[in-house]
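Everything below belongs to query_39.csv, which stores CSV, C-alpha atoms.
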chain,number,residue,atom,x,y,z
A,72,MET,CA,108.2,97.7,77.1
A,73,LYS,CA,108.9,99.7,80.2
A,74,ILE,CA,111.8,98.8,82.5
A,75,GLY,CA,112.1,100.2,86.0
A,76,PHE,CA,114.7,99.7,88.8
A,77,ALA,CA,114.9,99.7,92.6
A,78,LEU,CA,116.4,102.8,94.2
A,79,PRO,CA,119.2,102.3,96.7
A,80,TYR,CA,117.1,101.6,99.7
A,81,LEU,CA,117.9,98.0,100.7
A,82,HIS,CA,120.8,95.9,101.9
A,83,ASN,CA,124.3,97.0,100.8
A,84,VAL,CA,123.3,100.0,98.7
A,85,ALA,CA,121.2,101.4,101.6
A,86,HIS,CA,124.6,102.4,103.0
A,87,GLN,CA,125.1,104.7,100.0
A,88,VAL,CA,121.6,106.2,100.3
A,89,ASP,CA,123.3,109.6,100.1
A,90,ARG,CA,123.8,109.0,96.4
A,91,THR,CA,120.1,108.5,95.7
A,92,ALA,CA,119.8,111.7,93.7
A,93,GLU,CA,122.8,110.7,91.6
A,94,PHE,CA,121.4,107.2,91.0
A,95,ALA,CA,118.0,108.6,90.1
A,96,ARG,CA,119.3,111.1,87.6
A,97,ALA,CA,121.6,108.6,86.0
A,98,ALA,CA,118.9,105.9,85.7
A,99,GLU,CA,116.5,108.4,84.1
A,100,LYS,CA,119.2,109.6,81.6
A,101,ALA,CA,119.9,105.9,80.7
A,102,GLY,CA,116.2,105.4,79.8
A,103,ALA,CA,114.6,103.9,82.9
A,104,ALA,CA,110.8,104.1,82.9
A,105,SER,CA,110.3,104.0,86.7
A,106,LEU,CA,112.2,104.0,90.0
A,107,TRP,CA,111.0,102.1,93.1
A,108,ALA,CA,111.4,101.8,96.9
A,109,GLY,CA,109.8,99.3,99.3
A,110,ASP,CA,109.1,99.0,102.9
A,111,ARG,CA,111.0,97.0,105.6
A,112,HIS,CA,110.7,98.4,109.1
A,113,PHE,CA,113.1,95.8,110.5
A,114,ALA,CA,114.0,92.1,110.3
A,115,ALA,CA,113.3,90.1,113.4
A,116,VAL,CA,116.2,88.0,114.8
A,117,ASP,CA,113.8,85.1,115.6
A,118,PRO,CA,110.9,85.5,113.2
A,119,THR,CA,107.7,83.5,113.5
A,120,ILE,CA,107.2,83.8,109.8
A,121,GLY,CA,109.8,84.3,107.1
A,122,VAL,CA,109.5,85.7,103.6
A,123,GLY,CA,108.1,82.4,102.3
A,124,GLY,CA,105.0,82.7,104.6
A,125,PRO,CA,103.8,80.2,107.2
A,126,GLY,CA,106.3,77.3,107.8
A,127,ASP,CA,109.2,79.4,106.7
A,128,THR,CA,111.1,81.1,109.5
A,129,THR,CA,114.0,82.6,107.5
A,130,ILE,CA,114.6,86.2,106.6
A,131,PRO,CA,117.5,86.8,104.2
A,132,VAL,CA,120.3,89.1,105.2
A,133,GLU,CA,119.2,91.4,102.4
A,134,TYR,CA,116.2,92.5,104.5
A,135,ARG,CA,118.1,93.5,107.5
A,136,THR,CA,119.1,97.0,106.2
A,137,ALA,CA,116.4,99.3,104.8
A,138,ALA,CA,116.3,103.1,104.3
A,139,ASP,CA,113.1,105.1,104.6
A,140,PRO,CA,111.1,104.7,101.4
A,141,PHE,CA,109.4,108.1,101.7
A,142,VAL,CA,112.6,110.0,102.0
A,143,VAL,CA,114.3,108.0,99.2
A,144,LEU,CA,111.4,108.6,96.9
A,145,GLY,CA,111.2,112.3,97.8
A,146,VAL,CA,114.9,112.7,96.9
A,147,ALA,CA,114.4,110.9,93.6
A,148,ALA,CA,111.3,113.0,92.8
A,149,ALA,CA,113.3,116.2,93.2
A,150,ALA,CA,116.2,114.8,91.1
A,151,THR,CA,114.2,113.7,88.1
A,152,GLU,CA,111.7,115.0,85.6
A,153,ARG,CA,110.2,112.1,83.7
A,154,VAL,CA,110.4,108.7,85.5
A,155,GLN,CA,107.5,107.3,87.4
A,156,LEU,CA,108.1,106.8,91.1
A,157,GLY,CA,106.6,103.7,92.8
A,158,THR,CA,106.4,101.9,96.1
A,159,ASN,CA,106.7,98.2,95.8
A,160,VAL,CA,105.4,97.8,98.4
A,161,LEU,CA,104.3,99.8,101.4
A,162,ILE,CA,102.9,97.9,104.3
A,163,ALA,CA,99.6,99.8,104.2
A,164,PRO,CA,97.9,98.6,107.4
A,165,ILE,CA,100.8,99.5,109.7
A,166,TYR,CA,100.4,103.2,109.1
A,167,ALA,CA,97.9,105.9,110.3
A,168,PRO,CA,95.9,107.0,107.3
A,169,ALA,CA,96.6,110.7,107.6
A,170,HIS,CA,100.4,110.0,108.0
A,171,LEU,CA,100.4,107.8,104.9
A,172,ALA,CA,98.3,110.2,102.8
A,173,ARG,CA,100.5,113.2,103.8
A,174,SER,CA,103.8,111.4,102.9
A,175,LEU,CA,102.5,110.1,99.6
A,176,THR,CA,100.9,113.4,98.7
A,177,THR,CA,104.1,115.2,99.3
A,178,ILE,CA,106.0,112.9,97.0
A,179,ASP,CA,103.3,113.1,94.3
A,180,ARG,CA,103.4,117.0,94.4
A,181,ILE,CA,107.2,117.1,94.3
A,182,SER,CA,107.3,114.8,91.3
A,183,GLY,CA,104.5,116.6,89.5
A,184,GLY,CA,102.1,113.7,89.7
A,185,ARG,CA,104.5,110.8,88.9
A,186,LEU,CA,103.7,108.6,91.9
A,187,ILE,CA,102.6,105.0,91.7
A,188,PRO,CA,101.6,104.0,95.3
A,189,GLY,CA,101.8,100.3,95.7
A,190,PHE,CA,100.6,98.6,98.9
A,191,GLY,CA,100.7,95.2,100.5
A,192,VAL,CA,99.2,93.7,103.7
A,193,GLY,CA,102.6,92.7,105.2
A,194,TRP,CA,103.9,89.3,106.3
A,195,SER,CA,105.9,90.0,109.5
A,196,PRO,CA,104.0,89.5,112.8
A,197,GLU,CA,106.9,91.2,114.6
A,198,GLU,CA,106.5,94.4,112.6
A,199,PHE,CA,102.9,94.6,113.6
A,200,GLN,CA,103.7,93.7,117.2
A,201,ALA,CA,106.2,96.6,117.3
A,202,ALA,CA,103.4,98.9,116.0
A,203,ASN,CA,101.0,97.6,118.7
A,204,MET,CA,98.7,96.2,116.0
A,205,ASP,CA,96.9,93.0,115.5
A,206,PHE,CA,98.6,91.0,112.7
A,207,THR,CA,95.4,88.9,112.0
A,208,LYS,CA,93.4,92.1,111.2
A,209,ARG,CA,95.9,93.4,108.5
A,210,GLY,CA,93.6,92.5,105.5
A,211,ALA,CA,90.6,94.4,107.0
A,212,ARG,CA,92.9,97.3,108.0
A,213,THR,CA,94.1,97.4,104.4
A,214,ASP,CA,90.6,97.6,103.0
A,215,GLU,CA,89.8,100.5,105.4
A,216,MET,CA,93.1,102.2,104.5
A,217,LEU,CA,92.1,102.3,100.8
A,218,ASP,CA,88.7,103.8,101.9
A,219,ALA,CA,90.4,106.4,104.0
A,220,LEU,CA,93.0,107.3,101.4
A,221,GLU,CA,90.2,107.7,98.8
A,222,LEU,CA,88.5,110.3,101.1
A,223,LEU,CA,91.7,112.1,102.1
A,224,TRP,CA,92.7,112.5,98.5
A,225,THR,CA,89.3,113.6,97.1
A,226,ARG,CA,87.5,115.5,99.9
A,227,ASP,CA,88.0,118.5,102.3
A,228,PRO,CA,87.0,118.5,105.1
A,229,VAL,CA,87.1,114.7,105.6
A,230,GLU,CA,86.3,112.1,108.2
A,231,TYR,CA,86.2,108.3,108.3
A,232,HIS,CA,85.0,105.9,110.9
A,233,GLY,CA,85.7,102.2,110.3
A,234,ARG,CA,86.1,99.2,112.6
A,235,HIS,CA,89.9,99.5,112.6
A,236,LEU,CA,90.7,103.0,111.4
A,237,GLU,CA,89.5,106.4,112.6
A,238,LEU,CA,89.8,109.8,111.0
A,239,PRO,CA,88.2,112.6,113.1
A,240,LEU,CA,86.7,115.4,111.0
A,241,GLN,CA,89.7,117.3,109.7
A,242,TYR,CA,90.8,119.8,107.0
A,243,ALA,CA,92.7,118.2,104.1
A,244,PRO,CA,93.4,120.9,101.5
A,245,LEU,CA,96.7,119.5,100.2
A,246,LYS,CA,95.8,117.1,97.4
A,247,PRO,CA,97.9,115.0,95.0
A,248,VAL,CA,98.5,116.4,91.5
A,249,ARG,CA,97.0,113.2,89.9
A,250,LYS,CA,93.2,113.5,89.6
A,251,PRO,CA,91.0,112.3,91.0
A,252,ARG,CA,93.8,110.6,93.0
A,253,PRO,CA,96.9,108.5,92.5
A,254,PRO,CA,96.1,104.9,91.4
A,255,PHE,CA,96.1,102.1,93.9
A,256,TYR,CA,98.5,99.3,93.0
A,257,LEU,CA,98.3,96.1,95.2
A,258,GLY,CA,100.5,93.1,95.6
A,259,ALA,CA,99.4,89.6,96.6
A,260,PRO,CA,101.3,86.5,97.8
A,261,THR,CA,101.0,83.5,95.5
A,262,GLY,CA,97.8,81.7,96.3
A,263,ALA,CA,96.4,84.4,98.5
A,264,ARG,CA,92.8,84.4,97.1
A,265,ALA,CA,91.6,87.2,99.5
A,266,ALA,CA,94.4,89.5,98.2
A,267,LEU,CA,93.6,88.7,94.6
A,268,ARG,CA,90.0,89.5,95.3
A,269,ARG,CA,91.0,92.8,96.7
A,270,ILE,CA,93.0,93.6,93.6
A,271,GLY,CA,90.0,92.8,91.3
A,272,GLU,CA,87.5,94.7,93.4
A,273,ARG,CA,89.6,97.7,94.5
A,274,ALA,CA,92.9,98.2,92.7
A,275,ASP,CA,93.9,100.2,89.7
A,276,GLY,CA,97.0,98.0,89.2
A,277,TRP,CA,98.5,94.7,90.2
A,278,LEU,CA,102.1,94.1,91.5
A,279,PRO,CA,103.1,90.4,90.9
A,280,ALA,CA,106.6,89.2,91.3
A,281,CYS,CA,109.0,86.6,90.0
A,282,VAL,CA,112.5,85.5,91.0
A,283,VAL,CA,115.1,84.9,88.3
A,284,PRO,CA,116.1,82.2,87.7
A,285,VAL,CA,114.3,80.4,90.6
A,286,PHE,CA,110.7,81.2,89.9
A,287,VAL,CA,109.6,82.4,86.5
A,288,ASP,CA,106.2,80.9,85.8
A,289,ALA,CA,104.0,82.6,83.2
A,290,GLY,CA,101.3,80.0,83.9
A,291,THR,CA,101.0,81.1,87.5
A,292,VAL,CA,100.9,84.7,86.5
A,293,LEU,CA,98.1,84.1,83.9
A,294,ALA,CA,96.1,82.0,86.4
A,295,GLN,CA,96.3,84.7,89.0
A,296,ARG,CA,95.3,87.3,86.5
A,297,SER,CA,92.3,85.2,85.5
A,298,LEU,CA,91.1,85.2,89.1
A,299,ILE,CA,91.7,88.9,89.4
A,300,ASP,CA,89.7,89.5,86.2
A,301,GLY,CA,86.9,87.3,87.5
A,302,PHE,CA,86.7,89.3,90.7
A,303,ALA,CA,86.7,92.5,88.8
A,304,HIS,CA,83.9,91.4,86.5
A,305,ALA,CA,81.8,90.3,89.5
A,306,ALA,CA,82.3,93.8,91.1
A,307,GLY,CA,81.2,95.5,87.9
A,308,ARG,CA,84.6,96.7,86.9
A,309,ASP,CA,86.5,96.5,83.5
A,310,PRO,CA,89.5,94.2,84.0
A,311,ALA,CA,91.2,95.8,80.9
A,312,LEU,CA,91.6,99.0,82.9
A,313,LEU,CA,93.7,97.2,85.6
A,314,ASP,CA,97.4,97.8,85.0
A,315,THR,CA,100.3,95.4,85.9
A,316,VAL,CA,103.9,96.0,86.9
A,317,MET,CA,105.9,92.9,87.4
A,318,ARG,CA,108.7,92.9,90.0
A,319,VAL,CA,111.8,90.9,88.9
A,320,ASN,CA,113.9,89.8,91.9
A,321,VAL,CA,117.4,88.8,90.7
A,322,VAL,CA,119.3,86.1,92.5
A,323,GLU,CA,122.9,86.9,93.2
A,324,GLY,CA,125.2,85.8,90.4
A,325,THR,CA,122.5,85.5,87.7
A,326,PRO,CA,123.9,86.6,84.3
A,327,LEU,CA,122.1,89.7,83.1
A,328,PRO,CA,121.3,88.2,79.7
A,329,ARG,CA,119.3,85.5,81.5
A,330,VAL,CA,117.4,88.2,83.4
A,331,ALA,CA,116.7,90.0,80.1
A,332,ASP,CA,115.5,86.8,78.5
A,333,ALA,CA,113.2,86.1,81.4
A,334,ILE,CA,111.6,89.5,81.1
A,335,LYS,CA,111.1,89.2,77.4
A,336,SER,CA,109.6,85.8,77.7
A,337,LEU,CA,107.2,86.9,80.4
A,338,ALA,CA,106.2,89.9,78.3
A,339,GLU,CA,105.5,87.7,75.3
A,340,GLN,CA,103.5,85.1,77.3
A,341,THR,CA,101.5,87.4,79.6
A,342,GLY,CA,101.3,90.7,77.8
A,343,ILE,CA,102.8,92.6,80.7
A,344,GLU,CA,104.6,95.7,79.5
A,345,HIS,CA,106.1,97.2,82.7
A,346,PHE,CA,108.8,95.4,84.7
A,347,MET,CA,110.7,96.6,87.8
A,348,VAL,CA,114.2,95.0,88.4
A,349,GLU,CA,115.3,94.5,92.0
A,350,SER,CA,118.8,93.2,92.7
A,351,MET,CA,119.3,93.3,96.4
A,352,SER,CA,122.7,91.5,96.5
A,353,LEU,CA,124.7,94.1,94.6
A,354,PRO,CA,127.7,95.3,96.7
A,355,HIS,CA,127.7,99.0,95.8
A,356,ILE,CA,125.6,101.6,94.1
A,357,ASP,CA,128.0,101.8,91.2
A,358,ALA,CA,127.2,98.1,90.4
A,359,SER,CA,123.5,99.1,90.5
A,360,LEU,CA,124.1,101.8,88.0
A,361,GLU,CA,126.0,99.4,85.7
A,362,LEU,CA,123.0,97.0,86.0
A,363,VAL,CA,120.6,99.7,84.9
A,364,THR,CA,122.6,100.5,81.7
A,365,GLU,CA,123.3,96.9,80.8
A,366,MET,CA,119.8,95.7,81.4
A,367,LEU,CA,118.2,98.5,79.3
A,368,THR,CA,120.7,97.7,76.5
A,369,LEU,CA,119.9,94.0,76.6
A,370,VAL,CA,116.2,94.4,76.6
A,371,GLU,CA,116.3,97.0,73.8
A,372,ARG,CA,118.3,94.5,71.7
A,373,GLY,CA,115.5,92.1,71.9

As structure tokens, please, write out the structure in this file.
Amino acid sequence: MKIGFALPYLHNVAHQVDRTAEFARAAEKAGAASLWAGDRHFAAVDPTIGVGGPGDTTIPVEYRTAADPFVVLGVAAAATERVQLGTNVLIAPIYAPAHLARSLTTIDRISGGRLIPGFGVGWSPEEFQAANMDFTKRGARTDEMLDALELLWTRDPVEYHGRHLELPLQYAPLKPVRKPRPPFYLGAPTGARAALRRIGERADGWLPACVVPVFVDAGTVLAQRSLIDGFAHAAGRDPALLDTVMRVNVVEGTPLPRVADAIKSLAEQTGIEHFMVESMSLPHIDASLELVTEMLTLVERG
């Protein structure tokens, strides 16, 4: 089993982002398999949609402070030698393709090909409003972003002309280390059939999530995976080649043995072998480092 951890990019620990290199080295030494950063441009004061989707207009305080994921991952890449480095997740449709490709290529090359780029369509209308983009077109923009990244990472010169994204003919000699390109990992909100279809048809990996102890449902995970596999079959793809990394969001105050038990139970019931632990409520980076050591010990004992 592989256990990864969030880098200090969110909430309290974002204020100690200057210790990212220290955290990354220590986590790698302790035995972490992967390190991750996500995307939060800002948290709206009066959101039209909250983290729970339509009908929810609450955004937790944990989302109000976020460091730049590209910078954090670049520092971690330079400070480590073995761990994989992932994004869980970047809001793909909010970026310009050349910008996103350049940033991710740089991280991939610094790390020697250890990048796991994970993307989502986004859920905050205000973030799209601030970027002067149509929130309702985010799924279509994501599809075109995957097309554009595929070309930017495999061709030179390159151009792309979609309905929502444009790449004028340009030189693109700097490529990722991973060939033919880094794998596409995609997330999907629970019940989002279009997003699950995109995973089955386009992705190299899936990024589901659970919340310990609030929502740990192997049945839901298996049902979603069944849909993904069906979409993959229909597209002429082999579902067995589609990897999975499960994000484990830990509610404040949850005992770590309970978190470890949840991970082991999900692994046994679903066959998932790679988990990423995110504990946004920890007060300080030293507490995050303690979590890394204790969690790895607890899982190994199982």

**Prompt:** Within 7 Å of Leu223 of chain A, counting only C-alpha atoms, which residues qualify if same-chain residues fewer than 3 places away don't, as a ChimeraX atom specification?
**Reply:** /A:172,219-220,226,229,243

**All residues 10 Å or closer to Ser182 of chain A, all atoms listed in the file, same chain fewer than 6 positions away omitted, as number ranges by chain** = A: 144-156, 176, 248

**Fill in**
For Pro244 of chain A, the closest of A:Ala331, A:Leu222, A:Ala77, A:Ala167 counting all atoms listed in the file is A:Leu222

**Request:** Write out as a list in words each polymer residue whose atoms come within 9 Å of Met204 of chain A, counting all atoms listed in the file; drop sequence neighbours fewer than 6 positions from it.
**Result:**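 After dropping sequence-adjacent residues, the list is Pro164, Ile165 and Glu198 of chain A.
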
For Glu272 of chain A, please output as a JSON list (two decimals) with C-alpha atoms, in the frame of the given file all residues within 10 Å (counting all atoms listed in the file; exclusion window: fewer than 6 positions along the same chain).
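Writing the result to around.json gives the following:
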[["chain", "number", "residue", "atom", "x", "y", "z"],
["A", 266, "ALA", "CA", 94.40, 89.50, 98.20],
["A", 299, "ILE", "CA", 91.70, 88.90, 89.40],
["A", 300, "ASP", "CA", 89.70, 89.50, 86.20],
["A", 301, "GLY", "CA", 86.90, 87.30, 87.50],
["A", 302, "PHE", "CA", 86.70, 89.30, 90.70],
["A", 303, "ALA", "CA", 86.70, 92.50, 88.80],
["A", 304, "HIS", "CA", 83.90, 91.40, 86.50],
["A", 305, "ALA", "CA", 81.80, 90.30, 89.50],
["A", 306, "ALA", "CA", 82.30, 93.80, 91.10],
["A", 307, "GLY", "CA", 81.20, 95.50, 87.90],
["A", 308, "ARG", "CA", 84.60, 96.70, 86.90],
["A", 310, "PRO", "CA", 89.50, 94.20, 84.00]]

**Item:** Distance in Å - atom CA of Gly121 of chain A versus atom CA of Tyr166 of chain A
**Value:**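 Atom CA of Tyr166 of chain A lies 21.2 Å from atom CA of Gly121 of chain A.
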
**Request:** Extract, using only C-alpha atoms, all DNA, RNA and protein residues at most 9 Å from Pro196 of chain A, discarding same-chain residues fewer than 3 positions from it, and format them as a count of residues only.
**Result:** 10

**Message:** Tell me which residues come within 7 Å of (118.4, 98.3, 102.7), as number ranges by chain, counting all atoms listed in the file in the file's coordinates.
**Reply:** A: 80-85, 133-138

**Atomic distance atom CA of Arg180 of chain A - atom CA of Ala280 of chain A, expressed in Å with one decimal** =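 Here the two named atoms are 28.2 Å from each other.
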
**Request:** Have a look at atom CA of His232 of chain A and atom CA of Glu215 of chain A and let me know their distance in Å, one decimal.
**Result:**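 Here the two named atoms are 9.1 Å from each other.
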
**Asked** Using only C-alpha atoms, which residue out of A:Leu161, A:Ile130, A:Val322, A:Val316 lies closest to Leu353 of chain A?
**Response** A:Val322

Can you list every residue of segment 121-221 of chain A that has an atom at most 7 Å from segment 250-256 of chain A, with its nearest atom pair and the distance in Å to one decimal, using all atoms listed in the file, ordered by chain then number, as CSV?
residue,atom,partner,partner_atom,distance
A:Leu186,CA,A:Pro253,CA,6.8
A:Ile187,CA,A:Pro254,CA,6.5
A:Pro188,CA,A:Phe255,CA,6.0
A:Gly189,CA,A:Tyr256,CA,4.4
A:Phe190,CA,A:Tyr256,CA,6.3

**Fill in**
Nearest to Asp314 of chain A, restricted to only C-alpha atoms and choosing among A:Ala103, A:Ile178, A:Ala169, A:Ala274, comes out as A:Ala274
